[in-house]
file work20.pdb (PDB, C-alpha atoms, pLDDT in the B column)
ATOM      1  CA  MET R 836      47.714  27.692  20.889  1.00 54.00           C
ATOM      2  CA  SER R 837      46.208  24.582  22.436  1.00 65.00           C
ATOM      3  CA  LYS R 838      45.678  24.345  26.134  1.00 80.00           C
ATOM      4  CA  THR R 839      46.499  21.054  27.783  1.00 89.00           C
ATOM      5  CA  LYS R 840      43.749  19.764  29.994  1.00 90.00           C
ATOM      6  CA  SER R 841      44.233  18.514  33.499  1.00 95.00           C
ATOM      7  CA  ILE R 842      43.369  14.953  34.407  1.00 95.00           C
ATOM      8  CA  THR R 843      40.423  16.257  36.410  1.00 96.00           C
ATOM      9  CA  GLU R 844      39.026  18.060  33.365  1.00 96.00           C
ATOM     10  CA  LEU R 845      39.478  14.981  31.199  1.00 96.00           C
ATOM     11  CA  VAL R 846      37.728  12.818  33.787  1.00 97.00           C
ATOM     12  CA  GLU R 847      34.847  15.284  33.970  1.00 97.00           C
ATOM     13  CA  GLU R 848      34.510  15.278  30.178  1.00 97.00           C
ATOM     14  CA  LEU R 849      34.466  11.479  30.121  1.00 98.00           C
ATOM     15  CA  GLN R 850      31.873  11.377  32.878  1.00 98.00           C
ATOM     16  CA  ASN R 851      29.672  13.848  30.991  1.00 98.00           C
ATOM     17  CA  GLU R 852      30.057  11.846  27.791  1.00 98.00           C
ATOM     18  CA  ASN R 853      29.203   8.659  29.672  1.00 98.00           C
ATOM     19  CA  GLU R 854      26.034  10.228  31.119  1.00 98.00           C
ATOM     20  CA  SER R 855      25.031  11.439  27.678  1.00 98.00           C
ATOM     21  CA  LEU R 856      25.507   7.979  26.192  1.00 98.00           C
ATOM     22  CA  LYS R 857      23.520   6.397  29.031  1.00 98.00           C
ATOM     23  CA  MET R 858      20.637   8.763  28.291  1.00 98.00           C
ATOM     24  CA  LEU R 859      20.781   7.924  24.576  1.00 97.00           C
ATOM     25  CA  ALA R 860      20.749   4.205  25.390  1.00 97.00           C
ATOM     26  CA  LYS R 861      17.759   4.720  27.676  1.00 97.00           C
ATOM     27  CA  LEU R 862      15.919   6.654  24.952  1.00 97.00           C
ATOM     28  CA  ALA R 863      16.713   3.970  22.372  1.00 96.00           C
ATOM     29  CA  ASN R 864      15.429   1.325  24.759  1.00 97.00           C
ATOM     30  CA  GLN R 865      12.205   3.274  25.363  1.00 97.00           C
ATOM     31  CA  TYR R 866      11.728   3.769  21.619  1.00 97.00           C
ATOM     32  CA  CYS R 867      12.176   0.052  20.884  1.00 96.00           C
ATOM     33  CA  LYS R 868       9.778  -0.850  23.676  1.00 97.00           C
ATOM     34  CA  SER R 869       7.084   1.505  22.376  1.00 97.00           C
ATOM     35  CA  GLU R 870       7.655   0.784  18.671  1.00 96.00           C
ATOM     36  CA  PHE R 871       8.176  -2.995  18.750  1.00 95.00           C
ATOM     37  CA  GLY R 872       6.940  -4.036  22.179  1.00 96.00           C
ATOM     38  CA  TYR R 873      10.384  -5.345  23.146  1.00 97.00           C
ATOM     39  CA  ASP R 874      13.344  -3.695  24.806  1.00 96.00           C
ATOM     40  CA  VAL R 875      16.801  -3.722  23.208  1.00 95.00           C
ATOM     41  CA  ARG R 876      17.956  -6.784  25.162  1.00 96.00           C
ATOM     42  CA  GLN R 877      14.872  -8.750  24.106  1.00 97.00           C
ATOM     43  CA  LEU R 878      15.349  -7.714  20.471  1.00 97.00           C
ATOM     44  CA  HIS R 879      18.957  -8.943  20.574  1.00 97.00           C
ATOM     45  CA  GLN R 880      17.756 -12.269  21.992  1.00 98.00           C
ATOM     46  CA  LEU R 881      15.140 -12.598  19.241  1.00 97.00           C
ATOM     47  CA  ILE R 882      17.756 -11.889  16.567  1.00 97.00           C
ATOM     48  CA  GLU R 883      20.145 -14.456  18.070  1.00 98.00           C
ATOM     49  CA  LYS R 884      17.386 -17.079  18.171  1.00 98.00           C
ATOM     50  CA  PHE R 885      16.405 -16.326  14.568  1.00 98.00           C
ATOM     51  CA  ASN R 886      20.024 -16.599  13.409  1.00 98.00           C
ATOM     52  CA  ALA R 887      20.406 -19.928  15.227  1.00 98.00           C
ATOM     53  CA  TYR R 888      17.169 -21.159  13.621  1.00 98.00           C
ATOM     54  CA  GLU R 889      18.405 -20.151  10.167  1.00 98.00           C
ATOM     55  CA  ARG R 890      21.726 -21.962  10.709  1.00 97.00           C
ATOM     56  CA  LYS R 891      19.879 -25.071  11.855  1.00 97.00           C
ATOM     57  CA  GLN R 892      17.561 -24.959   8.819  1.00 97.00           C
ATOM     58  CA  LYS R 893      20.516 -24.543   6.470  1.00 96.00           C
ATOM     59  CA  GLU R 894      22.329 -27.495   8.056  1.00 96.00           C
ATOM     60  CA  HIS R 895      19.163 -29.580   7.843  1.00 95.00           C
ATOM     61  CA  MET R 896      18.765 -28.815   4.136  1.00 94.00           C
ATOM     62  CA  GLN R 897      22.418 -29.631   3.448  1.00 93.00           C
ATOM     63  CA  ASN R 898      22.112 -32.933   5.318  1.00 92.00           C
ATOM     64  CA  LYS R 899      18.925 -33.738   3.439  1.00 90.00           C
ATOM     65  CA  GLN R 900      20.606 -33.043   0.078  1.00 90.00           C
ATOM     66  CA  GLN R 901      23.600 -35.193   1.030  1.00 89.00           C
ATOM     67  CA  HIS R 902      21.284 -38.009   2.064  1.00 87.00           C
ATOM     68  CA  ILE R 903      19.411 -37.822  -1.247  1.00 84.00           C
ATOM     69  CA  GLN R 904      22.673 -37.810  -3.199  1.00 83.00           C
ATOM     70  CA  GLN R 905      23.979 -40.813  -1.284  1.00 82.00           C
ATOM     71  CA  ALA R 906      20.700 -42.687  -1.661  1.00 79.00           C
ATOM     72  CA  THR R 907      20.504 -42.113  -5.405  1.00 75.00           C
ATOM     73  CA  LYS R 908      24.199 -42.498  -6.227  1.00 76.00           C
ATOM     74  CA  GLY R 909      24.649 -45.539  -8.394  1.00 66.00           C
ATOM     75  CA  ASN R 910      20.980 -46.495  -8.222  1.00 67.00           C
ATOM     76  CA  PRO R 911      19.945 -47.266 -11.829  1.00 64.00           C
ATOM     77  CA  HIS R 912      16.264 -46.975 -10.886  1.00 67.00           C
ATOM     78  CA  SER R 913      16.463 -43.395  -9.624  1.00 62.00           C
ATOM     79  CA  PRO R 914      15.535 -40.684 -12.120  1.00 61.00           C
ATOM     80  CA  SER R 915      18.505 -39.466 -14.158  1.00 61.00           C
ATOM     81  CA  PHE R 916      18.249 -35.922 -12.837  1.00 60.00           C
ATOM     82  CA  MET R 917      18.829 -37.271  -9.283  1.00 57.00           C
ATOM     83  CA  ARG R 918      21.877 -39.419 -10.132  1.00 55.00           C
ATOM     84  CA  SER R 919      25.263 -37.819  -9.832  1.00 55.00           C
ATOM     85  CA  ALA R 920      27.451 -37.633 -12.893  1.00 55.00           C
ATOM     86  CA  ASP R 921      30.357 -39.447 -11.170  1.00 52.00           C
TER      87      ASP R 921
END
call {"tool": "encode", "arguments": {"input": "work20.pdb", "output": "structure tokens"}}
result
Amino acid sequence: MSKTKSITELVEELQNENESLKMLAKLANQYCKSEFGYDVRQLHQLIEKFNAYERKQKEHMQNKQQHIQQATKGNPHSPSFMRSAD
């Protein structure tokens, strides 16, 4: 037979769970700081910057390839491997 819990008991359980999670977050932050020299927030910022850099590099390479294709399209003097087969 299951006992229904009062709102007060449920609130207490949630508060205890919240405190436990805060402690785990603090421990994770301390671990990252000692292991990597950065806290969790700083690591997230580094990852975001790296992802933005990768996107920018990818866009740059795509633009460069498009520019090469446009420059060599229809140019009889460009090497055959650079001309499109249009």
call {"tool": "atom_distance", "arguments": {"input": "work20.pdb", "atom1": "CA of Glu894 (chain R)", "atom2": "CA of Ile882 (chain R)"}}
result
18.4 Å
call {"tool": "atom_distance", "arguments": {"input": "work20.pdb", "atom1": "CA of Leu862 (chain R)", "atom2": "CA of Arg876 (chain R)"}}
result
13.6 Å
call {"tool": "atom_distance", "arguments": {"input": "work20.pdb", "atom1": "CA of Asp874 (chain R)", "atom2": "CA of Lys857 (chain R)"}}
result
14.9 Å
